[in-house]
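Participant: For reference, this is data_21.txt, and it has compact mmCIF, C-alpha atoms.
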```txt
# COMPACT_ATOMS: atom_id res chain seq x y z
CA MET A 1 0.00 0.00 0.00
CA GLU A 2 1.32 3.43 -0.93
CA LYS A 3 1.97 5.79 1.93
CA ASP A 4 2.05 9.56 2.04
CA GLY A 5 4.14 10.78 4.93
CA GLU A 6 2.73 10.25 8.36
CA ASN A 7 -0.84 9.76 7.17
CA GLY A 8 -0.30 7.00 4.65
CA GLU A 9 -2.36 4.45 6.52
CA GLN A 10 -5.62 6.31 5.98
CA LYS A 11 -4.95 7.41 2.44
CA ASN A 12 -7.10 4.76 0.80
CA GLN A 13 -10.24 5.58 2.75
CA ILE A 14 -11.83 7.76 0.08
CA PRO A 15 -11.43 7.62 -3.72
CA LEU A 16 -9.85 11.10 -3.90
CA LEU A 17 -7.04 9.92 -1.64
CA THR A 18 -6.11 6.80 -3.58
CA PRO A 19 -2.75 6.80 -5.39
CA TYR A 20 -2.56 7.23 -9.16
CA GLN A 21 0.22 6.70 -11.68
CA MET A 22 0.17 9.63 -14.12
CA GLY A 23 2.70 8.63 -16.73
CA LYS A 24 6.08 8.79 -15.01
CA PHE A 25 4.63 10.67 -12.03
CA LYS A 26 3.54 8.73 -8.97
CA LEU A 27 0.72 10.70 -7.37
CA SER A 28 -0.26 9.91 -3.78
CA HIS A 29 -3.81 11.26 -4.24
CA ARG A 30 -6.11 12.67 -6.90
CA ILE A 31 -6.70 16.20 -5.61
CA VAL A 32 -5.08 18.68 -8.00
CA LEU A 33 -4.42 22.38 -7.40
CA ALA A 34 -6.19 24.01 -10.35
CA PRO A 35 -4.43 26.88 -12.16
CA LEU A 36 -5.60 30.09 -10.46
CA THR A 37 -4.83 33.60 -11.66
CA ARG A 38 -3.82 35.58 -8.55
CA GLN A 39 -2.37 38.82 -10.05
CA ARG A 40 0.50 39.15 -7.60
CA SER A 41 3.43 38.89 -10.04
CA TYR A 42 4.49 42.54 -10.19
CA ASN A 43 5.67 43.62 -13.65
CA ASN A 44 4.87 40.10 -14.87
CA VAL A 45 7.69 38.63 -12.76
CA PRO A 46 6.90 35.87 -10.23
CA GLN A 47 7.54 37.12 -6.70
CA PRO A 48 9.11 35.53 -3.60
CA HIS A 49 5.71 35.47 -1.85
CA ALA A 50 4.61 32.81 -4.35
CA ILE A 51 7.16 30.43 -2.77
CA LEU A 52 5.06 30.21 0.40
CA TYR A 53 1.73 30.20 -1.47
CA TYR A 54 2.57 27.15 -3.59
CA SER A 55 4.57 25.44 -0.85
CA GLN A 56 1.58 25.68 1.51
CA ARG A 57 -0.55 23.81 -1.02
CA THR A 58 2.01 21.10 -1.74
CA THR A 59 1.77 17.54 -0.49
CA LYS A 60 4.15 14.70 -1.23
CA GLY A 61 2.94 13.18 -4.49
CA GLY A 62 0.37 15.93 -5.11
CA LEU A 63 -0.06 17.61 -8.51
CA LEU A 64 -0.09 21.41 -8.66
CA ILE A 65 -0.78 23.46 -11.79
CA ALA A 66 0.65 26.98 -11.64
CA GLU A 67 -1.37 30.05 -12.47
CA ALA A 68 -1.72 31.02 -16.12
CA THR A 69 1.66 32.27 -17.33
CA GLY A 70 2.17 34.39 -20.42
CA VAL A 71 4.16 32.97 -23.32
CA SER A 72 5.23 36.32 -24.83
CA ASP A 73 4.99 40.07 -24.44
CA THR A 74 1.72 40.05 -26.43
CA ALA A 75 0.13 37.39 -24.20
CA GLN A 76 -0.87 39.55 -21.23
CA GLY A 77 -4.38 40.79 -20.49
CA TYR A 78 -4.47 41.33 -16.72
CA PRO A 79 -2.33 43.30 -14.30
CA ASP A 80 0.53 41.51 -12.56
CA THR A 81 0.19 38.06 -14.12
CA PRO A 82 3.44 36.10 -14.50
CA GLY A 83 5.28 35.38 -17.71
CA ILE A 84 7.92 32.90 -18.77
CA TRP A 85 9.38 34.51 -21.88
CA THR A 86 12.36 36.32 -20.30
CA LYS A 87 15.44 35.11 -18.47
CA GLN A 88 14.41 37.19 -15.44
CA GLN A 89 11.04 35.44 -15.27
CA VAL A 90 12.62 31.99 -15.61
CA GLU A 91 15.04 32.76 -12.78
CA ALA A 92 12.18 34.06 -10.62
CA TRP A 93 10.21 30.83 -11.07
CA LYS A 94 13.13 28.63 -9.96
CA PRO A 95 12.87 29.08 -6.16
CA ILE A 96 9.08 28.62 -6.36
CA VAL A 97 9.46 25.35 -8.25
CA ASP A 98 12.24 24.27 -5.88
CA ALA A 99 9.96 24.81 -2.87
CA VAL A 100 7.25 22.59 -4.37
CA HIS A 101 9.80 19.89 -5.19
CA ALA A 102 11.31 20.10 -1.70
CA LYS A 103 7.96 18.92 -0.34
CA GLY A 104 7.64 16.17 -2.95
CA GLY A 105 5.09 17.86 -5.18
CA VAL A 106 4.67 17.56 -8.95
CA PHE A 107 4.48 21.03 -10.55
CA PHE A 108 3.19 21.94 -14.03
CA CYS A 109 3.26 25.44 -15.52
CA GLN A 110 0.14 26.58 -17.36
CA ILE A 111 1.22 28.47 -20.49
CA TRP A 112 -1.17 31.06 -21.81
CA HIS A 113 -2.00 33.75 -24.33
CA THR A 114 -5.03 35.94 -23.66
CA GLY A 115 -5.58 36.95 -27.28
CA ARG A 116 -8.37 39.53 -27.47
CA VAL A 117 -8.99 39.45 -23.70
CA SER A 118 -6.62 42.36 -23.41
CA ASN A 119 -6.15 45.99 -24.32
CA ARG A 120 -3.45 48.24 -25.73
CA GLY A 121 -2.22 49.07 -22.23
CA PHE A 122 -0.95 45.48 -21.82
CA GLN A 123 0.57 45.28 -25.29
CA PRO A 124 4.08 46.17 -26.47
CA ASN A 125 4.20 49.65 -27.99
CA GLY A 126 0.48 50.03 -27.29
CA GLN A 127 -0.44 47.84 -30.26
CA ASP A 128 -3.80 46.11 -30.66
CA PRO A 129 -4.22 42.68 -29.04
CA ILE A 130 -4.15 39.76 -31.46
CA SER A 131 -6.80 37.12 -32.08
CA SER A 132 -8.34 34.75 -34.60
CA THR A 133 -10.79 37.54 -35.40
CA ASP A 134 -11.17 41.30 -35.39
CA LYS A 135 -14.52 41.05 -33.56
CA PRO A 136 -14.25 42.94 -30.27
CA LEU A 137 -15.41 41.73 -26.89
CA THR A 138 -18.51 43.66 -25.91
CA GLN A 139 -18.46 42.98 -22.17
CA ILE A 140 -16.38 45.03 -19.77
CA GLN A 141 -15.87 42.59 -16.88
CA SER A 142 -12.93 40.26 -17.17
CA ASN A 143 -12.20 38.26 -14.04
CA GLY A 144 -15.48 38.91 -12.26
CA ILE A 145 -13.90 41.53 -10.02
CA ASP A 146 -12.15 44.35 -11.81
CA VAL A 147 -13.64 46.17 -14.76
CA ALA A 148 -11.59 46.09 -17.93
CA GLU A 149 -11.92 47.85 -21.23
CA PHE A 150 -11.05 45.58 -24.12
CA THR A 151 -9.42 46.96 -27.25
CA PRO A 152 -10.78 45.54 -30.54
CA PRO A 153 -8.26 42.91 -31.64
CA ARG A 154 -6.21 42.63 -34.78
CA ARG A 155 -6.84 39.47 -36.77
CA LEU A 156 -3.66 37.42 -37.14
CA ALA A 157 -2.57 36.87 -40.73
CA THR A 158 -2.13 33.22 -41.70
CA ASP A 159 1.63 33.56 -41.99
CA GLU A 160 1.90 35.08 -38.48
CA ILE A 161 0.41 32.04 -36.73
CA PRO A 162 3.58 29.87 -36.78
CA GLU A 163 5.33 32.57 -34.73
CA ILE A 164 2.66 32.30 -32.00
CA VAL A 165 3.06 28.51 -32.01
CA GLN A 166 6.78 29.10 -31.57
CA HIS A 167 6.10 31.30 -28.53
CA PHE A 168 4.31 28.41 -26.84
CA ARG A 169 7.18 26.07 -27.72
CA LEU A 170 9.77 28.44 -26.25
CA ALA A 171 7.64 28.98 -23.14
CA ALA A 172 7.59 25.21 -22.64
CA ARG A 173 11.38 25.08 -23.02
CA ASN A 174 11.69 27.90 -20.49
CA ALA A 175 9.39 26.06 -18.07
CA MET A 176 11.78 23.11 -18.20
CA GLU A 177 14.68 25.48 -17.57
CA ALA A 178 12.81 26.81 -14.52
CA GLY A 179 12.51 23.24 -13.23
CA PHE A 180 8.83 22.54 -13.82
CA ASP A 181 7.83 18.90 -14.34
CA GLY A 182 5.72 19.78 -17.36
CA VAL A 183 3.36 22.32 -18.90
CA GLU A 184 -0.35 22.67 -19.32
CA ILE A 185 -1.37 24.46 -22.52
CA HIS A 186 -4.24 26.82 -21.69
CA GLY A 187 -6.81 26.11 -24.38
CA ALA A 188 -9.84 27.13 -22.32
CA HIS A 189 -11.93 30.04 -21.06
CA GLY A 190 -12.09 32.25 -24.12
CA TYR A 191 -8.37 32.99 -24.43
CA LEU A 192 -6.39 32.85 -27.68
CA ILE A 193 -6.50 29.10 -28.37
CA ASP A 194 -10.21 29.00 -27.51
CA GLN A 195 -10.74 32.01 -29.80
CA PHE A 196 -9.59 29.80 -32.66
CA MET A 197 -11.57 26.70 -31.62
CA LYS A 198 -14.97 28.27 -30.96
CA ASP A 199 -17.22 29.09 -33.90
CA GLN A 200 -18.84 31.97 -32.03
CA VAL A 201 -15.49 33.79 -32.26
CA ASN A 202 -13.57 32.32 -35.20
CA ASP A 203 -14.80 33.82 -38.47
CA ARG A 204 -11.68 33.06 -40.51
CA THR A 205 -11.75 31.79 -44.09
CA ASP A 206 -8.17 30.41 -44.20
CA LYS A 207 -6.94 26.99 -43.06
CA TYR A 208 -7.49 28.04 -39.42
CA GLY A 209 -11.22 28.76 -39.83
CA GLY A 210 -14.48 27.28 -41.02
CA SER A 211 -14.57 23.53 -40.37
CA LEU A 212 -14.09 21.99 -36.94
CA GLU A 213 -10.76 20.54 -38.10
CA ASN A 214 -9.56 23.95 -39.27
CA ARG A 215 -10.63 25.69 -36.06
CA CYS A 216 -8.73 23.14 -33.98
CA ARG A 217 -5.61 23.29 -36.16
CA PHE A 218 -3.93 26.07 -34.14
CA ALA A 219 -4.43 24.21 -30.84
CA LEU A 220 -3.07 20.96 -32.24
CA GLU A 221 -0.07 22.69 -33.85
CA ILE A 222 0.77 24.05 -30.39
CA VAL A 223 0.34 20.59 -28.83
CA GLU A 224 2.65 19.11 -31.45
CA ALA A 225 5.29 21.83 -31.14
CA VAL A 226 5.34 21.72 -27.33
CA SER A 227 5.39 17.90 -27.31
CA ASN A 228 8.31 17.86 -29.74
CA GLU A 229 10.16 20.38 -27.57
CA ILE A 230 9.82 18.81 -24.11
CA GLY A 231 8.32 15.35 -24.72
CA PRO A 232 4.61 14.48 -24.77
CA ASP A 233 4.93 12.79 -21.37
CA ARG A 234 5.30 16.28 -19.86
CA VAL A 235 2.41 17.95 -21.69
CA GLY A 236 -1.20 18.53 -20.70
CA ILE A 237 -3.90 20.78 -22.11
CA ARG A 238 -6.89 22.50 -20.54
CA LEU A 239 -10.10 22.77 -22.57
CA SER A 240 -13.58 24.16 -21.89
CA PRO A 241 -15.69 23.20 -24.91
CA PHE A 242 -18.98 23.84 -23.10
CA ALA A 243 -18.13 27.21 -21.57
CA ASN A 244 -18.79 30.58 -23.12
CA TYR A 245 -16.42 32.68 -21.03
CA MET A 246 -15.43 35.87 -22.82
CA GLU A 247 -18.17 35.46 -25.40
CA SER A 248 -16.54 32.34 -26.78
CA GLY A 249 -19.28 29.77 -27.05
CA ASP A 250 -19.58 27.03 -29.66
CA SER A 251 -22.64 25.83 -31.55
CA ASP A 252 -21.74 22.16 -31.00
CA PRO A 253 -19.58 21.83 -27.88
CA GLU A 254 -19.91 18.03 -27.70
CA ALA A 255 -18.49 17.65 -31.20
CA LEU A 256 -15.67 20.09 -30.37
CA GLY A 257 -14.78 18.29 -27.13
CA LEU A 258 -14.83 14.87 -28.77
CA TYR A 259 -12.81 15.98 -31.79
CA MET A 260 -10.14 17.44 -29.52
CA SER A 261 -10.01 14.50 -27.09
CA GLU A 262 -9.68 12.05 -29.99
CA SER A 263 -7.15 14.20 -31.88
CA LEU A 264 -4.95 14.56 -28.80
CA ASN A 265 -4.41 10.78 -28.79
CA LYS A 266 -2.21 11.16 -31.88
CA TYR A 267 0.34 13.10 -29.81
CA ASN A 268 0.35 10.79 -26.74
CA ILE A 269 0.25 13.73 -24.36
CA LEU A 270 0.10 13.08 -20.63
CA TYR A 271 -3.26 14.54 -19.73
CA CYS A 272 -6.39 16.34 -20.83
CA HIS A 273 -7.90 18.74 -18.28
CA MET A 274 -11.51 19.64 -19.06
CA VAL A 275 -13.92 22.03 -17.42
CA GLU A 276 -17.32 20.56 -16.52
CA PRO A 277 -20.29 21.61 -18.68
CA ARG A 278 -22.07 22.91 -15.57
CA MET A 279 -19.55 25.78 -15.41
CA LYS A 280 -20.98 27.87 -18.23
CA THR A 281 -19.94 31.15 -16.64
CA LEU A 282 -17.14 32.14 -14.31
CA GLY A 283 -17.54 30.57 -10.90
CA GLU A 284 -21.22 29.67 -11.23
CA LYS A 285 -22.46 26.10 -11.19
CA SER A 286 -25.69 25.27 -13.05
CA GLU A 287 -27.67 22.10 -13.52
CA CYS A 288 -26.60 20.51 -16.77
CA PRO A 289 -27.51 17.25 -18.50
CA ARG A 290 -24.31 17.31 -20.54
CA SER A 291 -21.27 15.34 -19.46
CA LEU A 292 -17.53 15.00 -20.05
CA VAL A 293 -17.79 11.20 -20.00
CA PRO A 294 -17.67 10.78 -23.82
CA MET A 295 -14.44 12.83 -23.92
CA ARG A 296 -13.07 10.93 -20.94
CA LYS A 297 -13.74 7.64 -22.75
CA SER A 298 -12.16 8.76 -26.01
CA PHE A 299 -8.97 10.24 -24.52
CA LYS A 300 -6.30 7.62 -23.83
CA GLY A 301 -4.18 9.54 -21.29
CA THR A 302 -4.95 10.86 -17.82
CA PHE A 303 -8.21 12.80 -17.57
CA ILE A 304 -8.59 15.70 -15.13
CA SER A 305 -12.01 17.24 -14.44
CA ALA A 306 -12.53 20.70 -12.98
CA GLY A 307 -15.44 22.94 -12.17
CA GLY A 308 -17.44 23.25 -9.00
CA PHE A 309 -16.40 20.01 -7.31
CA ASP A 310 -16.71 19.49 -3.57
CA ARG A 311 -15.52 16.51 -1.53
CA GLU A 312 -18.61 14.42 -2.17
CA ASP A 313 -18.96 14.77 -5.91
CA GLY A 314 -15.17 14.61 -6.39
CA ASN A 315 -15.16 11.23 -4.65
CA LYS A 316 -18.14 10.13 -6.72
CA ALA A 317 -16.50 11.17 -10.01
CA VAL A 318 -13.37 9.12 -9.20
CA ALA A 319 -15.32 6.14 -7.81
CA GLU A 320 -17.52 6.00 -10.92
CA LYS A 321 -14.46 6.37 -13.17
CA GLN A 322 -15.79 9.57 -14.72
CA THR A 323 -12.32 11.04 -14.26
CA ASP A 324 -8.85 10.14 -12.98
CA LEU A 325 -8.07 13.35 -11.10
CA VAL A 326 -10.14 16.28 -9.84
CA ALA A 327 -8.85 19.86 -9.90
CA TYR A 328 -9.94 22.19 -7.13
CA GLY A 329 -9.58 25.95 -7.43
CA ARG A 330 -11.38 28.15 -4.93
CA LEU A 331 -11.57 25.43 -2.26
CA PHE A 332 -7.79 24.85 -2.53
CA LEU A 333 -7.17 28.60 -2.52
CA GLY A 334 -9.07 28.93 0.76
CA ASN A 335 -7.77 25.67 2.27
CA PRO A 336 -4.04 25.17 1.75
CA ASP A 337 -4.34 21.75 3.44
CA LEU A 338 -7.33 20.65 1.35
CA PRO A 339 -6.22 16.98 0.99
CA LYS A 340 -5.87 16.72 4.78
CA ARG A 341 -9.29 18.29 5.32
CA PHE A 342 -10.88 15.92 2.80
CA GLU A 343 -9.17 12.97 4.49
CA LEU A 344 -10.59 13.95 7.90
CA ASN A 345 -13.86 15.30 6.45
CA ALA A 346 -12.98 18.47 8.36
CA PRO A 347 -14.82 21.77 7.94
CA LEU A 348 -13.47 24.09 5.25
CA ASN A 349 -12.39 27.72 5.46
CA LYS A 350 -14.61 30.04 3.44
CA TYR A 351 -12.71 31.69 0.62
CA ASN A 352 -12.95 35.45 0.20
CA ARG A 353 -13.71 36.42 -3.37
CA ASP A 354 -12.85 40.08 -2.66
CA THR A 355 -9.15 39.22 -2.22
CA PHE A 356 -8.74 36.78 -5.13
CA TYR A 357 -7.05 39.35 -7.38
CA VAL A 358 -5.72 42.08 -5.10
CA PRO A 359 -1.95 42.69 -5.38
CA GLU A 360 -1.40 41.74 -1.72
CA PRO A 361 1.58 39.51 -0.92
CA VAL A 362 -0.13 37.99 2.16
CA ILE A 363 -3.80 38.95 2.52
CA GLY A 364 -6.09 36.52 0.71
CA TYR A 365 -3.00 34.67 -0.48
CA THR A 366 -0.92 32.99 2.22
CA ASP A 367 -3.02 33.86 5.29
CA TYR A 368 -5.72 31.18 5.02
CA PRO A 369 -5.40 29.02 8.16
CA PHE A 370 -4.38 25.37 8.31
CA LEU A 371 -6.42 22.92 10.37
CA GLU A 372 -4.00 23.08 13.31
CA THR A 373 -4.18 26.85 13.49
CA ALA A 374 -7.89 26.96 12.72
CA THR A 375 -8.69 24.74 15.70
CA ASP A 376 -6.25 26.19 18.24
```
With the file now loaded, output its structure as structure tokens.

Facilitator:
Amino acid sequence: MEKDGENGEQKNQIPLLTPYQMGKFKLSHRIVLAPLTRQRSYNNVPQPHAILYYSQRTTKGGLLIAEATGVSDTAQGYPDTPGIWTKQQVEAWKPIVDAVHAKGGVFFCQIWHTGRVSNRGFQPNGQDPISSTDKPLTQIQSNGIDVAEFTPPRRLATDEIPEIVQHFRLAARNAMEAGFDGVEIHGAHGYLIDQFMKDQVNDRTDKYGGSLENRCRFALEIVEAVSNEIGPDRVGIRLSPFANYMESGDSDPEALGLYMSESLNKYNILYCHMVEPRMKTLGEKSECPRSLVPMRKSFKGTFISAGGFDREDGNKAVAEKQTDLVAYGRLFLGNPDLPKRFELNAPLNKYNRDTFYVPEPVIGYTDYPFLETATD
């Protein structure tokens, strides 16, 4: 029986706390830290306070996915989000990664381009953000907290797209240099890759638009390039076919999800991380008859589900083999010792939405109490 530190004996009590072999990575449980934008990387450089934040949420044999991290100087769309395109950024990530590894964690970097979810203020030389389209976003709220004005994007020319693919490839190489165990390509939530995949956004007439195959071409070129650069056994991707974040819905999300999950098998990547259909909008769960099970069945690697899970339905999803691993965002943010709390069925701290995105190095970031301190 696999053991996890001092609590190994009880680890097999609930499905979420059973061990799992994810490719070459031996996980001691199935509770994953979801990638969470925290906007505390001043000037797009990861900060020393992130060492404690990620270390607090690390368990031996636990998988953590870092916050969305920009692949280039055109990738940003929010204040103080980290990047991984400069030497300075790579060096700044190293002590954070080291801290996670010191506690036996497995750490993946989510690599990201916001596309049109941006404005000229975040762009080099004040240029227009880039996208699959020149259709602007009409809404003004971005992360549910701060109000953002979006600049109408510039449609990428066909011959510019290979350069963007290259940015993802170089970001993956830099993530390896920083010491990460792998990367997760951010293909979800209405950002650049999703802007190509979703027919509500993509209105192109070249080889990257029109048919489902064409709309998914950009995503799969990135998967191939990143896999060739660092090895497919270190590559995951996050997808949200059912969501319409940032006005990026699709007319046939089941077909999109299935096409992607089947196409990914050609590249033998490590995992596919999908957002549950019930999460149509940011942070709100709704009743939904749709399911990720068809995608789970078609994808041959590890399947990670995210979106509104608690202890009970996370256990149920694993027990019923609807998924291999469950990613927790807000609950893990508010409970740095979430696996321990799930193990003991202990009460959970309430997370404070008001401090999710404030540029505070401690408040709402590393000051959520552990069980020991919560019960003193």

Participant: With only C-alpha atoms as the basis for distance, which of A:Met246, A:Ile96, A:Ala225, A:Leu52 is at the shortest distance from A:Lys135?

Facilitator: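 Smallest distance to A:Lys135 is found for A:Met246.
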
Participant: Can you tell me, as a PyMOL selection string, what residues are no more than 10 Å from A:Phe309 when counting only C-alpha atoms, ignoring any on the same chain fewer than 3 positions away?

Facilitator: chain A and resi 276+285+305-306+312-315+317+326-331

Participant: List as a compact mmCIF listing (two decimals) with C-alpha atoms, in the coordinates of the input: which residues have an atom within 9 Å of (9.6, 21.0, -10.0), counting all atoms listed in the file?

Facilitator:
```txt
# COMPACT_ATOMS: atom_id res chain seq x y z
CA LYS A 94 13.13 28.63 -9.96
CA ILE A 96 9.08 28.62 -6.36
CA VAL A 97 9.46 25.35 -8.25
CA ASP A 98 12.24 24.27 -5.88
CA ALA A 99 9.96 24.81 -2.87
CA VAL A 100 7.25 22.59 -4.37
CA HIS A 101 9.80 19.89 -5.19
CA ALA A 102 11.31 20.10 -1.70
CA GLY A 104 7.64 16.17 -2.95
CA GLY A 105 5.09 17.86 -5.18
CA VAL A 106 4.67 17.56 -8.95
CA PHE A 107 4.48 21.03 -10.55
CA PHE A 108 3.19 21.94 -14.03
CA MET A 176 11.78 23.11 -18.20
CA ALA A 178 12.81 26.81 -14.52
CA GLY A 179 12.51 23.24 -13.23
CA PHE A 180 8.83 22.54 -13.82
CA ASP A 181 7.83 18.90 -14.34
CA GLY A 182 5.72 19.78 -17.36
```

Participant: Using all atoms of stretch 158-175 of chain A listed in the file and a margin of 4 Å per side, can you give the axis-aligned box centre and edge lengths in Å to one decimal, as lines of an AutoDock Vina configuration file?

Facilitator:
```
center_x = 4.8
center_y = 30.1
center_z = -30.0
size_x = 21.8
size_y = 18.0
size_z = 31.9
```

Participant: In terms of the shortest atom-to-atom distance over all atoms listed in the file, which of A:Tyr208, A:Phe356, A:Tyr267, A:Phe218 is closest to A:Pro232?

Facilitator: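 Checking each of A:Tyr208, A:Phe356, A:Tyr267, A:Phe218 against A:Pro232, counting all atoms listed in the file, the winner is A:Tyr267.
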
Participant: Need the shell around A:Thr133: protein/DNA/RNA residues with any atom at most 7 Å away, counting all atoms listed in the file. Skip same-chain ones fewer than 3 positions apart. Format as a VMD selection string?

Facilitator: chain A and resid 154 to 155 201 to 204

Participant: Can you list, as a count of residues only, every protein, DNA or RNA residue that comes within 6 Å of A:Asp324 when you count only C-alpha atoms, leaving out same-chain residues fewer than 4 positions away?

Facilitator: 3

Participant: Find the residue from A:Thr86, A:Pro336, A:Pro15, A:Gly257 that sits nearest to A:Lys297; use only C-alpha atoms when measuring.

Facilitator: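 Closest candidate: A:Gly257.
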
Participant: Pick the closest to A:Tyr357 from A:Asn244, A:Ser55, A:Gln21, A:Thr37: which is it, counting all atoms listed in the file?

Facilitator: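 Under the stated criterion, the closest residue is A:Thr37.
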
Participant: Can you take the partial stretch 325-332 of chain A, add all heavy atoms, and return it as a PDB file, keeping the file's coordinate frame?

Facilitator:
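Okay, this is what ended up in part_17.pdb:
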```pdb
ATOM      1  N   LEU A 325      -8.472  12.368 -12.094  1.00  0.00           N
ATOM      2  CA  LEU A 325      -8.070  13.350 -11.100  1.00  0.00           C
ATOM      3  C   LEU A 325      -9.093  14.485 -11.093  1.00  0.00           C
ATOM      4  O   LEU A 325      -9.756  14.733 -12.108  1.00  0.00           O
ATOM      5  CB  LEU A 325      -6.683  13.921 -11.431  1.00  0.00           C
ATOM      6  CG  LEU A 325      -5.549  12.928 -11.695  1.00  0.00           C
ATOM      7  CD1 LEU A 325      -4.294  13.656 -12.183  1.00  0.00           C
ATOM      8  CD2 LEU A 325      -5.237  12.110 -10.447  1.00  0.00           C
ATOM      9  N   VAL A 326      -9.205  15.165  -9.961  1.00  0.00           N
ATOM     10  CA  VAL A 326     -10.140  16.280  -9.840  1.00  0.00           C
ATOM     11  C   VAL A 326      -9.369  17.531  -9.436  1.00  0.00           C
ATOM     12  O   VAL A 326      -8.637  17.522  -8.447  1.00  0.00           O
ATOM     13  CB  VAL A 326     -11.245  15.980  -8.807  1.00  0.00           C
ATOM     14  CG1 VAL A 326     -12.218  17.161  -8.717  1.00  0.00           C
ATOM     15  CG2 VAL A 326     -12.000  14.699  -9.165  1.00  0.00           C
ATOM     16  N   ALA A 327      -9.527  18.600 -10.208  1.00  0.00           N
ATOM     17  CA  ALA A 327      -8.850  19.860  -9.900  1.00  0.00           C
ATOM     18  C   ALA A 327      -9.773  20.754  -9.093  1.00  0.00           C
ATOM     19  O   ALA A 327     -10.943  20.936  -9.433  1.00  0.00           O
ATOM     20  CB  ALA A 327      -8.433  20.564 -11.192  1.00  0.00           C
ATOM     21  N   TYR A 328      -9.213  21.285  -8.015  1.00  0.00           N
ATOM     22  CA  TYR A 328      -9.940  22.190  -7.130  1.00  0.00           C
ATOM     23  C   TYR A 328      -9.290  23.555  -7.163  1.00  0.00           C
ATOM     24  O   TYR A 328      -8.079  23.670  -6.974  1.00  0.00           O
ATOM     25  CB  TYR A 328      -9.932  21.651  -5.696  1.00  0.00           C
ATOM     26  CG  TYR A 328     -10.790  20.420  -5.515  1.00  0.00           C
ATOM     27  CD1 TYR A 328     -10.264  19.142  -5.725  1.00  0.00           C
ATOM     28  CD2 TYR A 328     -12.129  20.533  -5.143  1.00  0.00           C
ATOM     29  CE1 TYR A 328     -11.056  18.014  -5.568  1.00  0.00           C
ATOM     30  CE2 TYR A 328     -12.930  19.405  -4.985  1.00  0.00           C
ATOM     31  CZ  TYR A 328     -12.390  18.148  -5.199  1.00  0.00           C
ATOM     32  OH  TYR A 328     -13.176  17.030  -5.057  1.00  0.00           O
ATOM     33  N   GLY A 329     -10.096  24.594  -7.371  1.00  0.00           N
ATOM     34  CA  GLY A 329      -9.580  25.950  -7.430  1.00  0.00           C
ATOM     35  C   GLY A 329      -9.856  26.714  -6.159  1.00  0.00           C
ATOM     36  O   GLY A 329      -9.035  26.789  -5.255  1.00  0.00           O
ATOM     37  N   ARG A 330     -11.060  27.281  -6.057  1.00  0.00           N
ATOM     38  CA  ARG A 330     -11.380  28.150  -4.930  1.00  0.00           C
ATOM     39  C   ARG A 330     -11.273  27.429  -3.580  1.00  0.00           C
ATOM     40  O   ARG A 330     -10.841  28.020  -2.588  1.00  0.00           O
ATOM     41  CB  ARG A 330     -12.762  28.752  -5.115  1.00  0.00           C
ATOM     42  CG  ARG A 330     -12.783  29.817  -6.218  1.00  0.00           C
ATOM     43  CD  ARG A 330     -14.168  30.058  -6.767  1.00  0.00           C
ATOM     44  NE  ARG A 330     -14.650  28.885  -7.479  1.00  0.00           N
ATOM     45  CZ  ARG A 330     -15.924  28.692  -7.810  1.00  0.00           C
ATOM     46  NH1 ARG A 330     -16.828  29.601  -7.489  1.00  0.00           N
ATOM     47  NH2 ARG A 330     -16.297  27.611  -8.465  1.00  0.00           N
ATOM     48  N   LEU A 331     -11.672  26.150  -3.534  1.00  0.00           N
ATOM     49  CA  LEU A 331     -11.570  25.430  -2.260  1.00  0.00           C
ATOM     50  C   LEU A 331     -10.114  25.249  -1.841  1.00  0.00           C
ATOM     51  O   LEU A 331      -9.777  25.314  -0.658  1.00  0.00           O
ATOM     52  CB  LEU A 331     -12.241  24.051  -2.353  1.00  0.00           C
ATOM     53  CG  LEU A 331     -13.761  24.017  -2.488  1.00  0.00           C
ATOM     54  CD1 LEU A 331     -14.269  22.577  -2.379  1.00  0.00           C
ATOM     55  CD2 LEU A 331     -14.442  24.895  -1.440  1.00  0.00           C
ATOM     56  N   PHE A 332      -9.221  25.032  -2.823  1.00  0.00           N
ATOM     57  CA  PHE A 332      -7.790  24.850  -2.530  1.00  0.00           C
ATOM     58  C   PHE A 332      -7.153  26.208  -2.184  1.00  0.00           C
ATOM     59  O   PHE A 332      -6.256  26.289  -1.344  1.00  0.00           O
ATOM     60  CB  PHE A 332      -7.076  24.215  -3.726  1.00  0.00           C
ATOM     61  CG  PHE A 332      -6.051  23.166  -3.352  1.00  0.00           C
ATOM     62  CD1 PHE A 332      -5.822  22.075  -4.192  1.00  0.00           C
ATOM     63  CD2 PHE A 332      -5.311  23.255  -2.187  1.00  0.00           C
ATOM     64  CE1 PHE A 332      -4.878  21.092  -3.861  1.00  0.00           C
ATOM     65  CE2 PHE A 332      -4.359  22.291  -1.854  1.00  0.00           C
ATOM     66  CZ  PHE A 332      -4.144  21.214  -2.691  1.00  0.00           C
TER      67      PHE A 332
END
```
